[in-house]
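Structure data (mmCIF, C-alpha atoms) from model.cif:
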data_structure
loop_
_atom_site.group_PDB
_atom_site.id
_atom_site.type_symbol
_atom_site.label_atom_id
_atom_site.label_comp_id
_atom_site.auth_asym_id
_atom_site.auth_seq_id
_atom_site.Cartn_x
_atom_site.Cartn_y
_atom_site.Cartn_z
ATOM 1 C CA MET A 1 44.729 13.371 16.178
ATOM 2 C CA SER A 2 48.318 12.784 17.234
ATOM 3 C CA LYS A 3 49.306 9.136 17.646
ATOM 4 C CA THR A 4 50.734 9.968 21.059
ATOM 5 C CA ALA A 5 47.667 11.803 22.329
ATOM 6 C CA ALA A 6 45.602 10.098 25.008
ATOM 7 C CA PRO A 7 42.336 8.585 23.713
ATOM 8 C CA GLU A 8 39.183 10.558 24.354
ATOM 9 C CA LEU A 9 36.983 8.885 26.964
ATOM 10 C CA LEU A 10 33.313 8.385 26.107
ATOM 11 C CA VAL A 11 30.401 6.899 28.035
ATOM 12 C CA LEU A 12 28.198 4.413 26.194
ATOM 13 C CA GLY A 13 24.905 3.558 27.856
ATOM 14 C CA PHE A 14 23.042 0.270 27.477
ATOM 15 C CA LYS A 15 19.704 -1.105 28.618
ATOM 16 C CA ALA A 16 20.496 -4.820 28.207
ATOM 17 C CA PHE A 17 23.822 -6.612 28.428
ATOM 18 C CA ASP A 18 23.250 -8.752 25.342
ATOM 19 C CA LEU A 19 24.404 -9.078 21.751
ATOM 20 C CA HIS A 20 21.430 -7.107 20.441
ATOM 21 C CA GLU A 21 22.807 -3.986 22.087
ATOM 22 C CA LEU A 22 26.483 -4.624 22.702
ATOM 23 C CA LEU A 23 27.951 -6.865 20.017
ATOM 24 C CA LEU A 24 29.229 -3.921 17.964
ATOM 25 C CA HIS A 25 30.786 -2.355 21.055
ATOM 26 C CA PHE A 26 32.761 -5.446 22.035
ATOM 27 C CA VAL A 27 33.902 -6.035 18.456
ATOM 28 C CA ALA A 28 35.081 -2.399 18.287
ATOM 29 C CA GLU A 29 36.879 -2.756 21.590
ATOM 30 C CA ARG A 30 38.566 -6.063 20.775
ATOM 31 C CA GLN A 31 39.491 -5.245 17.195
ATOM 32 C CA GLY A 32 40.898 -1.773 17.840
ATOM 33 C CA HIS A 33 38.199 0.159 16.000
ATOM 34 C CA TYR A 34 37.871 2.594 18.904
ATOM 35 C CA GLN A 35 41.619 2.927 19.263
ATOM 36 C CA ARG A 36 42.017 3.840 15.599
ATOM 37 C CA GLU A 37 39.504 6.646 16.109
ATOM 38 C CA GLY A 38 41.318 7.899 19.215
ATOM 39 C CA LEU A 39 38.531 6.782 21.547
ATOM 40 C CA ALA A 40 38.238 4.894 24.816
ATOM 41 C CA VAL A 41 34.689 3.813 25.651
ATOM 42 C CA ARG A 42 33.292 3.003 29.093
ATOM 43 C CA LEU A 43 29.965 1.195 29.438
ATOM 44 C CA ARG A 44 27.229 2.372 31.804
ATOM 45 C CA ASP A 45 23.923 0.697 32.639
ATOM 46 C CA ILE A 46 21.235 3.326 31.964
ATOM 47 C CA THR A 47 18.256 1.012 32.478
ATOM 48 C CA PHE A 48 16.834 3.182 35.234
ATOM 49 C CA THR A 49 17.642 6.553 33.688
ATOM 50 C CA PRO A 50 14.855 8.065 31.545
ATOM 51 C CA GLU A 51 16.032 9.242 28.141
ATOM 52 C CA GLU A 52 15.102 12.834 28.909
ATOM 53 C CA LYS A 53 17.347 12.755 32.000
ATOM 54 C CA LEU A 54 20.475 11.350 30.364
ATOM 55 C CA GLU A 55 23.443 13.698 30.433
ATOM 56 C CA SER A 56 24.040 15.246 27.045
ATOM 57 C CA HIS A 57 27.503 13.694 26.661
ATOM 58 C CA VAL A 58 26.283 10.100 27.113
ATOM 59 C CA PHE A 59 25.998 8.017 23.945
ATOM 60 C CA SER A 60 23.574 5.099 23.991
ATOM 61 C CA VAL A 61 22.846 1.949 22.012
ATOM 62 C CA ALA A 62 19.142 1.408 22.793
ATOM 63 C CA CYS A 63 17.584 3.194 19.833
ATOM 64 C CA GLY A 64 14.072 1.955 20.608
ATOM 65 C CA SER A 65 14.312 3.804 23.901
ATOM 66 C CA THR A 66 15.527 6.902 22.071
ATOM 67 C CA LEU A 67 12.432 6.728 19.888
ATOM 68 C CA LEU A 68 10.051 6.449 22.847
ATOM 69 C CA GLY A 69 12.005 9.058 24.794
ATOM 70 C CA ARG A 70 11.027 11.627 22.201
ATOM 71 C CA MET A 71 7.490 11.487 23.560
ATOM 72 C CA ALA A 72 8.804 12.674 26.936
ATOM 73 C CA GLY A 73 10.786 15.482 25.371
ATOM 74 C CA ALA A 74 14.221 13.836 25.113
ATOM 75 C CA ARG A 75 16.331 15.736 22.579
ATOM 76 C CA ARG A 76 18.341 12.787 21.308
ATOM 77 C CA LYS A 77 18.778 11.335 17.834
ATOM 78 C CA VAL A 78 19.759 8.019 16.316
ATOM 79 C CA VAL A 79 22.914 8.458 14.219
ATOM 80 C CA LEU A 80 23.563 4.787 13.365
ATOM 81 C CA VAL A 81 21.258 1.775 13.182
ATOM 82 C CA ALA A 82 22.769 -1.612 14.014
ATOM 83 C CA THR A 83 19.621 -3.626 13.369
ATOM 84 C CA GLU A 84 16.021 -3.192 12.335
ATOM 85 C CA HIS A 85 15.270 -6.824 13.267
ATOM 86 C CA PRO A 86 14.337 -6.713 16.972
ATOM 87 C CA MET A 87 16.189 -9.617 18.592
ATOM 88 C CA PHE A 88 13.514 -11.036 20.856
ATOM 89 C CA TRP A 89 11.946 -14.468 20.671
ATOM 90 C CA ILE A 90 8.695 -15.940 21.970
ATOM 91 C CA TYR A 91 9.074 -19.443 23.383
ATOM 92 C CA ALA A 92 6.325 -21.667 24.732
ATOM 93 C CA ARG A 93 5.517 -24.979 26.339
ATOM 94 C CA ALA A 94 5.126 -28.090 24.204
ATOM 95 C CA GLY A 95 2.122 -28.014 21.890
ATOM 96 C CA ILE A 96 2.216 -24.276 21.214
ATOM 97 C CA THR A 97 3.885 -23.704 17.862
ATOM 98 C CA LYS A 98 2.147 -20.625 16.408
ATOM 99 C CA LEU A 99 1.310 -17.170 17.665
ATOM 100 C CA GLU A 100 -2.356 -17.924 17.131
ATOM 101 C CA HIS A 101 -2.049 -20.774 19.650
ATOM 102 C CA LEU A 102 -1.363 -18.218 22.397
ATOM 103 C CA ARG A 103 -5.027 -17.262 22.640
ATOM 104 C CA GLY A 104 -6.154 -17.770 26.212
ATOM 105 C CA THR A 105 -2.618 -18.266 27.573
ATOM 106 C CA ARG A 106 -0.399 -16.407 30.010
ATOM 107 C CA THR A 107 2.837 -14.950 28.603
ATOM 108 C CA ALA A 108 5.733 -13.505 30.599
ATOM 109 C CA THR A 109 6.846 -10.359 28.825
ATOM 110 C CA TYR A 110 8.666 -7.061 29.338
ATOM 111 C CA PRO A 111 7.437 -4.253 31.609
ATOM 112 C CA PRO A 112 4.737 -1.942 30.211
ATOM 113 C CA ALA A 113 5.826 0.966 28.007
ATOM 114 C CA SER A 114 9.234 -0.589 27.278
ATOM 115 C CA PRO A 115 10.101 -1.010 23.568
ATOM 116 C CA PRO A 116 9.846 -4.859 23.619
ATOM 117 C CA TRP A 117 6.458 -4.616 25.364
ATOM 118 C CA LEU A 118 5.129 -2.311 22.634
ATOM 119 C CA LEU A 119 6.569 -4.527 19.899
ATOM 120 C CA HIS A 120 5.049 -7.618 21.512
ATOM 121 C CA ARG A 121 1.615 -6.025 21.561
ATOM 122 C CA ALA A 122 1.955 -4.847 17.964
ATOM 123 C CA ILE A 123 2.949 -8.335 16.790
ATOM 124 C CA LEU A 124 -0.004 -9.970 18.544
ATOM 125 C CA SER A 125 -2.372 -7.416 17.029
ATOM 126 C CA ARG A 126 -1.016 -8.097 13.556
ATOM 127 C CA ARG A 127 -1.821 -11.775 14.056
ATOM 128 C CA GLY A 128 -5.380 -11.053 15.048
ATOM 129 C CA LEU A 129 -4.926 -11.325 18.815
ATOM 130 C CA ASN A 130 -6.123 -8.551 21.083
ATOM 131 C CA PRO A 131 -3.275 -8.094 23.606
ATOM 132 C CA ASP A 132 -5.714 -6.836 26.230
ATOM 133 C CA ARG A 133 -8.298 -9.612 25.941
ATOM 134 C CA ASP A 134 -7.000 -12.641 24.060
ATOM 135 C CA VAL A 135 -3.649 -13.058 25.802
ATOM 136 C CA GLN A 136 -2.747 -12.421 29.432
ATOM 137 C CA LEU A 137 0.531 -10.507 29.349
ATOM 138 C CA GLU A 138 2.429 -10.569 32.623
ATOM 139 C CA ALA A 139 5.399 -8.276 33.160
ATOM 140 C CA ALA A 140 8.570 -9.867 34.500
ATOM 141 C CA ARG A 141 11.736 -8.014 35.374
ATOM 142 C CA ASP A 142 14.326 -9.828 33.227
ATOM 143 C CA ASP A 143 15.192 -12.904 31.166
ATOM 144 C CA ALA A 144 15.961 -14.943 34.267
ATOM 145 C CA ALA A 145 12.458 -14.363 35.625
ATOM 146 C CA ARG A 146 10.706 -14.900 32.286
ATOM 147 C CA LEU A 147 12.686 -18.057 31.576
ATOM 148 C CA GLY A 148 12.092 -19.350 35.091
ATOM 149 C CA LEU A 149 8.364 -18.753 34.865
ATOM 150 C CA LEU A 150 8.185 -20.655 31.579
ATOM 151 C CA ARG A 151 10.342 -23.609 32.589
ATOM 152 C CA SER A 152 8.501 -23.999 35.895
ATOM 153 C CA GLY A 153 5.092 -24.059 34.185
ATOM 154 C CA ASN A 154 3.823 -20.843 35.723
ATOM 155 C CA VAL A 155 3.235 -19.332 32.276
ATOM 156 C CA GLU A 156 2.630 -20.928 28.895
ATOM 157 C CA ALA A 157 4.984 -18.644 26.958
ATOM 158 C CA ALA A 158 7.730 -16.075 27.479
ATOM 159 C CA VAL A 159 9.595 -13.370 25.588
ATOM 160 C CA LEU A 160 13.366 -13.805 25.763
ATOM 161 C CA SER A 161 16.129 -11.510 24.546
ATOM 162 C CA SER A 162 19.339 -12.273 22.689
ATOM 163 C CA ALA A 163 20.934 -13.033 26.051
ATOM 164 C CA VAL A 164 19.182 -16.395 25.587
ATOM 165 C CA PRO A 165 19.778 -16.990 21.846
ATOM 166 C CA PRO A 166 18.005 -19.744 19.870
ATOM 167 C CA ALA A 167 20.813 -22.275 20.263
ATOM 168 C CA LYS A 168 20.742 -21.946 24.038
ATOM 169 C CA ALA A 169 16.927 -21.965 24.194
ATOM 170 C CA GLN A 170 16.841 -25.085 22.033
ATOM 171 C CA SER A 171 19.274 -26.810 24.378
ATOM 172 C CA LEU A 172 16.762 -26.153 27.179
ATOM 173 C CA GLY A 173 13.985 -27.865 25.234
ATOM 174 C CA LEU A 174 11.960 -24.698 24.607
ATOM 175 C CA ALA A 175 9.607 -24.475 21.623
ATOM 176 C CA ARG A 176 10.177 -21.423 19.447
ATOM 177 C CA VAL A 177 6.934 -19.694 18.503
ATOM 178 C CA ALA A 178 8.137 -16.485 16.834
ATOM 179 C CA PHE A 179 11.083 -14.180 16.247
ATOM 180 C CA PHE A 180 10.226 -10.502 16.591
ATOM 181 C CA GLY A 181 12.581 -9.667 13.716
ATOM 182 C CA ASP A 182 10.469 -11.745 11.334
ATOM 183 C CA GLU A 183 7.254 -10.098 12.461
ATOM 184 C CA ILE A 184 8.109 -6.406 12.652
ATOM 185 C CA ARG A 185 10.898 -4.180 11.341
ATOM 186 C CA ILE A 186 11.945 -1.076 13.253
ATOM 187 C CA PRO A 187 15.384 0.312 14.229
ATOM 188 C CA THR A 188 16.043 -1.029 17.715
ATOM 189 C CA THR A 189 19.776 -0.705 18.417
ATOM 190 C CA GLY A 190 22.742 1.260 17.124
ATOM 191 C CA LEU A 191 23.981 4.616 18.375
ATOM 192 C CA ALA A 192 22.120 7.628 19.711
ATOM 193 C CA VAL A 193 23.324 10.895 21.172
ATOM 194 C CA SER A 194 21.979 14.242 22.268
ATOM 195 C CA GLU A 195 21.267 17.015 19.822
ATOM 196 C CA GLU A 196 23.612 19.169 21.888
ATOM 197 C CA THR A 197 26.548 16.832 21.268
ATOM 198 C CA ILE A 198 25.650 16.563 17.573
ATOM 199 C CA ARG A 199 25.673 20.339 17.347
ATOM 200 C CA GLU A 200 28.749 21.066 19.473
ATOM 201 C CA GLN A 201 30.957 18.022 18.870
ATOM 202 C CA PRO A 202 30.158 16.655 15.404
ATOM 203 C CA ALA A 203 33.712 15.370 14.875
ATOM 204 C CA LEU A 204 33.436 13.252 18.014
ATOM 205 C CA VAL A 205 30.115 11.801 16.875
ATOM 206 C CA ARG A 206 31.602 11.041 13.454
ATOM 207 C CA ARG A 207 34.513 9.124 15.025
ATOM 208 C CA MET A 208 32.183 7.044 17.193
ATOM 209 C CA VAL A 209 29.981 6.257 14.189
ATOM 210 C CA ALA A 210 33.049 5.287 12.154
ATOM 211 C CA ALA A 211 34.185 2.851 14.852
ATOM 212 C CA LEU A 212 30.824 1.090 14.975
ATOM 213 C CA ARG A 213 30.553 0.977 11.183
ATOM 214 C CA SER A 214 33.868 -0.875 11.231
ATOM 215 C CA SER A 215 32.261 -3.322 13.657
ATOM 216 C CA LEU A 216 29.370 -3.814 11.242
ATOM 217 C CA ARG A 217 31.834 -4.690 8.489
ATOM 218 C CA SER A 218 33.440 -7.200 10.837
ATOM 219 C CA VAL A 219 30.066 -8.775 11.584
ATOM 220 C CA HIS A 220 29.427 -9.384 7.895
ATOM 221 C CA GLU A 221 32.923 -10.173 6.681
ATOM 222 C CA SER A 222 35.062 -11.454 9.562
ATOM 223 C CA PRO A 223 33.425 -14.074 11.792
ATOM 224 C CA GLY A 224 36.765 -14.808 13.439
ATOM 225 C CA GLU A 225 36.733 -11.280 14.853
ATOM 226 C CA VAL A 226 33.141 -11.550 16.054
ATOM 227 C CA LEU A 227 33.042 -14.972 17.727
ATOM 228 C CA PRO A 228 35.212 -14.010 20.749
ATOM 229 C CA ALA A 229 32.840 -11.109 21.477
ATOM 230 C CA LEU A 230 29.854 -13.449 21.196
ATOM 231 C CA GLU A 231 31.449 -15.935 23.563
ATOM 232 C CA LEU A 232 31.878 -13.156 26.112
ATOM 233 C CA LEU A 233 28.294 -11.954 25.777
ATOM 234 C CA LEU A 234 26.666 -15.392 25.718
ATOM 235 C CA ASP A 235 28.903 -17.235 28.157
ATOM 236 C CA GLY A 236 28.064 -20.420 26.265
ATOM 237 C CA GLY A 237 31.247 -21.578 24.560
ATOM 238 C CA ARG A 238 32.341 -21.585 20.936
ATOM 239 C CA GLU A 239 29.565 -23.870 19.630
ATOM 240 C CA ILE A 240 26.782 -21.629 20.955
ATOM 241 C CA ALA A 241 28.628 -18.569 19.627
ATOM 242 C CA GLU A 242 28.979 -20.079 16.141
ATOM 243 C CA LYS A 243 25.317 -21.101 15.950
ATOM 244 C CA THR A 244 24.245 -17.695 17.203
ATOM 245 C CA TYR A 245 26.453 -15.891 14.693
ATOM 246 C CA GLU A 246 24.845 -17.784 11.820
ATOM 247 C CA ALA A 247 21.389 -17.025 13.213
ATOM 248 C CA VAL A 248 21.816 -13.264 13.698
ATOM 249 C CA ARG A 249 24.452 -12.043 11.236
ATOM 250 C CA ALA A 250 21.867 -11.119 8.605
ATOM 251 C CA CYS A 251 19.929 -9.125 11.206
ATOM 252 C CA PHE A 252 22.626 -6.441 11.303
ATOM 253 C CA THR A 253 22.711 -3.602 8.807
ATOM 254 C CA GLU A 254 25.677 -3.423 6.475
ATOM 255 C CA ASN A 255 26.301 0.315 6.675
ATOM 256 C CA GLY A 256 24.430 1.651 9.691
ATOM 257 C CA ARG A 257 21.344 2.714 7.759
ATOM 258 C CA ALA A 258 17.790 1.605 8.406
ATOM 259 C CA SER A 259 15.420 1.040 5.524
ATOM 260 C CA ALA A 260 12.769 3.643 4.784
ATOM 261 C CA GLU A 261 10.092 1.073 5.645
ATOM 262 C CA ALA A 262 11.588 0.378 9.081
ATOM 263 C CA ARG A 263 11.865 4.048 9.941
ATOM 264 C CA LYS A 264 8.289 4.662 8.847
ATOM 265 C CA ALA A 265 7.073 1.741 10.966
ATOM 266 C CA ALA A 266 8.931 3.104 13.987
ATOM 267 C CA ILE A 267 7.366 6.537 13.662
ATOM 268 C CA GLU A 268 3.916 5.021 13.195
ATOM 269 C CA LEU A 269 4.421 2.894 16.312
ATOM 270 C CA VAL A 270 5.374 5.827 18.529
ATOM 271 C CA ASN A 271 2.668 8.118 17.134
ATOM 272 C CA GLY A 272 0.192 5.343 17.857
ATOM 273 C CA GLN A 273 0.929 5.929 21.559
ATOM 274 C CA ASN A 274 -0.680 9.391 21.303
ATOM 275 C CA PRO A 275 2.352 11.558 22.135
ATOM 276 C CA PRO A 276 1.809 15.216 23.105
ATOM 277 C CA ALA A 277 2.876 16.179 19.567
ATOM 278 C CA ARG A 278 3.241 14.036 16.462
ATOM 279 C CA ILE A 279 6.812 12.900 15.872
ATOM 280 C CA LYS A 280 8.518 13.060 12.494
ATOM 281 C CA GLU A 281 11.374 10.938 11.152
ATOM 282 C CA GLU A 282 13.758 13.883 11.174
ATOM 283 C CA ASP A 283 13.039 14.349 14.888
ATOM 284 C CA VAL A 284 14.617 10.951 15.619
ATOM 285 C CA TYR A 285 16.966 9.913 12.798
ATOM 286 C CA ASP A 286 20.076 11.718 11.561
ATOM 287 C CA ASP A 287 21.930 10.003 8.707
ATOM 288 C CA SER A 288 24.426 12.815 8.154
ATOM 289 C CA PHE A 289 27.230 10.965 9.946
ATOM 290 C CA LEU A 290 26.896 7.957 7.635
ATOM 291 C CA MET A 291 28.113 9.809 4.584
ATOM 292 C CA PRO A 292 31.374 8.437 3.107
#
What does this structure look like when you write it as structure tokens?
Amino acid sequence: MSKTAAPELLVLGFKAFDLHELLLHFVAERQGHYQREGLAVRLRDITFTPEEKLESHVFSVACGSTLLGRMAGARRKVVLVATEHPMFWIYARAGITKLEHLRGTRTATYPPASPPWLLHRAILSRRGLNPDRDVQLEAARDDAARLGLLRSGNVEAAVLSSAVPPAKAQSLGLARVAFFGDEIRIPTTGLAVSEETIREQPALVRRMVAALRSSLRSVHESPGEVLPALELLLDGGREIAEKTYEAVRACFTENGRASAEARKAAIELVNGQNPPARIKEEDVYDDSFLMP
């Protein structure tokens, strides 16, 4: 691409404005990774747009939603995995320190059928808790509502996203019960795009993947490049950003690839929802753009 040519404008959809989904984007934007690939990227909130109704040209970062969207017929694939450690935490009132202690309690969680809701249920089941009988799961619209319900005593526990990272939650006096990423491994964020774009514009997909892989290298090797992006996303100052960086850096992949175990777990999770047809790994994941 000519150095004088105008950058190509892309749309990148997100479901949550947090570091779990958007850290790589803001690092790429601030460190010139997009510019070097001849790209200009505009964010769009696609929370209320079903995967199967997304325009073919829209890229997205919520890979868990891409996985579930396959059940509804969405023809989209994950071409880069940013993390296979879901960045959600369960916090509780004083005295509750283990998942097993949640038996008989009320927990504010994500809306039904969302990826965090399914992960939450799977984690409880793995710990011997029936999510339909042993714990009362109550859907709340966002972190503000879940956090408010917990702090006001209306629920005993709540699931919070990376928008409320451990350092900030600790400053509020919340007791950490579990980190999803320690309990279950599936690809949750990264980069997904339609099969049509993969087929018709592979060079464009490759450039976008290259930009975000550069961001991954920055996450692991250049904290000075990452902290300003974290400060923007967390709105908590340098100290919170530094503590958060140390807490989540290892959660990000080094090269955009998910482990075989994580991919298998993801497919088993979605097939456990009884889709119209069984889903295979190759239906969802395309590693071809990660080749050197």
With all atoms listed in the file counted and 12 Å as the cut-off, give the residues of range 120-191 of chain A in contact with range 267-281 of chain A, each with its shortest interatomic distance in Å and the pair that gives it, as JSON lines.
{"residue": "A:His120", "atom": "CA", "partner": "A:Leu269", "partner_atom": "CA", "distance": 11.7}
{"residue": "A:Arg121", "atom": "CA", "partner": "A:Leu269", "partner_atom": "CA", "distance": 10.7}
{"residue": "A:Ala122", "atom": "CA", "partner": "A:Leu269", "partner_atom": "CA", "distance": 8.3}
{"residue": "A:Ile123", "atom": "CA", "partner": "A:Leu269", "partner_atom": "CA", "distance": 11.3}
{"residue": "A:Ile184", "atom": "CA", "partner": "A:Leu269", "partner_atom": "CA", "distance": 10.7}
{"residue": "A:Arg185", "atom": "CA", "partner": "A:Leu269", "partner_atom": "CA", "distance": 10.8}
{"residue": "A:Ile186", "atom": "CA", "partner": "A:Ile267", "partner_atom": "CA", "distance": 8.9}
{"residue": "A:Pro187", "atom": "CA", "partner": "A:Ile267", "partner_atom": "CA", "distance": 10.2}
Since I can't run it myself right now, could you work out what the PyMOL selection byres ((chain A and resi 75) around 9) selects here and report it as a short mmCIF file (atom, residue, chain, number, x, y, z; two decimals) with C-alpha atoms, keeping the file's coordinate frame?
data_model
loop_
_atom_site.label_atom_id
_atom_site.label_comp_id
_atom_site.auth_asym_id
_atom_site.auth_seq_id
_atom_site.Cartn_x
_atom_site.Cartn_y
_atom_site.Cartn_z
CA GLU A 51 16.03 9.24 28.14
CA GLU A 52 15.10 12.83 28.91
CA SER A 56 24.04 15.25 27.04
CA THR A 66 15.53 6.90 22.07
CA GLY A 69 12.00 9.06 24.79
CA ARG A 70 11.03 11.63 22.20
CA GLY A 73 10.79 15.48 25.37
CA ALA A 74 14.22 13.84 25.11
CA ARG A 76 18.34 12.79 21.31
CA LYS A 77 18.78 11.34 17.83
CA VAL A 193 23.32 10.90 21.17
CA SER A 194 21.98 14.24 22.27
CA GLU A 195 21.27 17.02 19.82
CA GLU A 196 23.61 19.17 21.89
CA ASP A 283 13.04 14.35 14.89
CA VAL A 284 14.62 10.95 15.62
#
Write out as a ChimeraX atom specification the residues lying within 12 Å of Glu239 in chain A, counting all atoms listed in the file and excluding same-chain residues fewer than 2 positions away. /A:167-168,171,227-228,230-231,234-237,241-246
Care to translate the PyMOL selection byres ((chain A and resi 181) around 10) into actual residues of this file, as a PDB file with C-alpha atoms, in the coordinates of the input?
ATOM      1  CA  THR A  83      19.621  -3.626  13.369  1.00  0.00           C
ATOM      2  CA  GLU A  84      16.021  -3.192  12.335  1.00  0.00           C
ATOM      3  CA  HIS A  85      15.270  -6.824  13.267  1.00  0.00           C
ATOM      4  CA  PRO A  86      14.337  -6.713  16.972  1.00  0.00           C
ATOM      5  CA  MET A  87      16.189  -9.617  18.592  1.00  0.00           C
ATOM      6  CA  PHE A  88      13.514 -11.036  20.856  1.00  0.00           C
ATOM      7  CA  TRP A  89      11.946 -14.468  20.671  1.00  0.00           C
ATOM      8  CA  ALA A 178       8.137 -16.485  16.834  1.00  0.00           C
ATOM      9  CA  PHE A 179      11.083 -14.180  16.247  1.00  0.00           C
ATOM     10  CA  PHE A 180      10.226 -10.502  16.591  1.00  0.00           C
ATOM     11  CA  ASP A 182      10.469 -11.745  11.334  1.00  0.00           C
ATOM     12  CA  GLU A 183       7.254 -10.098  12.461  1.00  0.00           C
ATOM     13  CA  ILE A 184       8.109  -6.406  12.652  1.00  0.00           C
ATOM     14  CA  ARG A 185      10.898  -4.180  11.341  1.00  0.00           C
ATOM     15  CA  ILE A 186      11.945  -1.076  13.253  1.00  0.00           C
ATOM     16  CA  VAL A 248      21.816 -13.264  13.698  1.00  0.00           C
ATOM     17  CA  CYS A 251      19.929  -9.125  11.206  1.00  0.00           C
TER      18      CYS A 251
END
Written as a PyMOL selection string, which residues does the PyMOL selection byres ((chain A and resi 100) around 12) give for the file shown? chain A and resi 96-99+101-105+123-131+134-135+177-178
May I ask for the distance between CA of Phe59 in chain A and CA of Arg44 in chain A, given in Å to one decimal place?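 Pair CA of Phe59 in chain A / CA of Arg44 in chain A returns 9.8 Å.
For Leu23 in chain A, the non-local neighbours within 10 Å, defined as residues at least 4 positions apart in the same chain or in other chains and counting all atoms listed in the file, are Phe17, Asp18, Leu19, Val27, Ala28, Glu29, Ala82, Leu212, Ser215, Leu216, Val219, Val226, Leu227, Ala229, Leu230, Leu232 and Leu233 of chain A.
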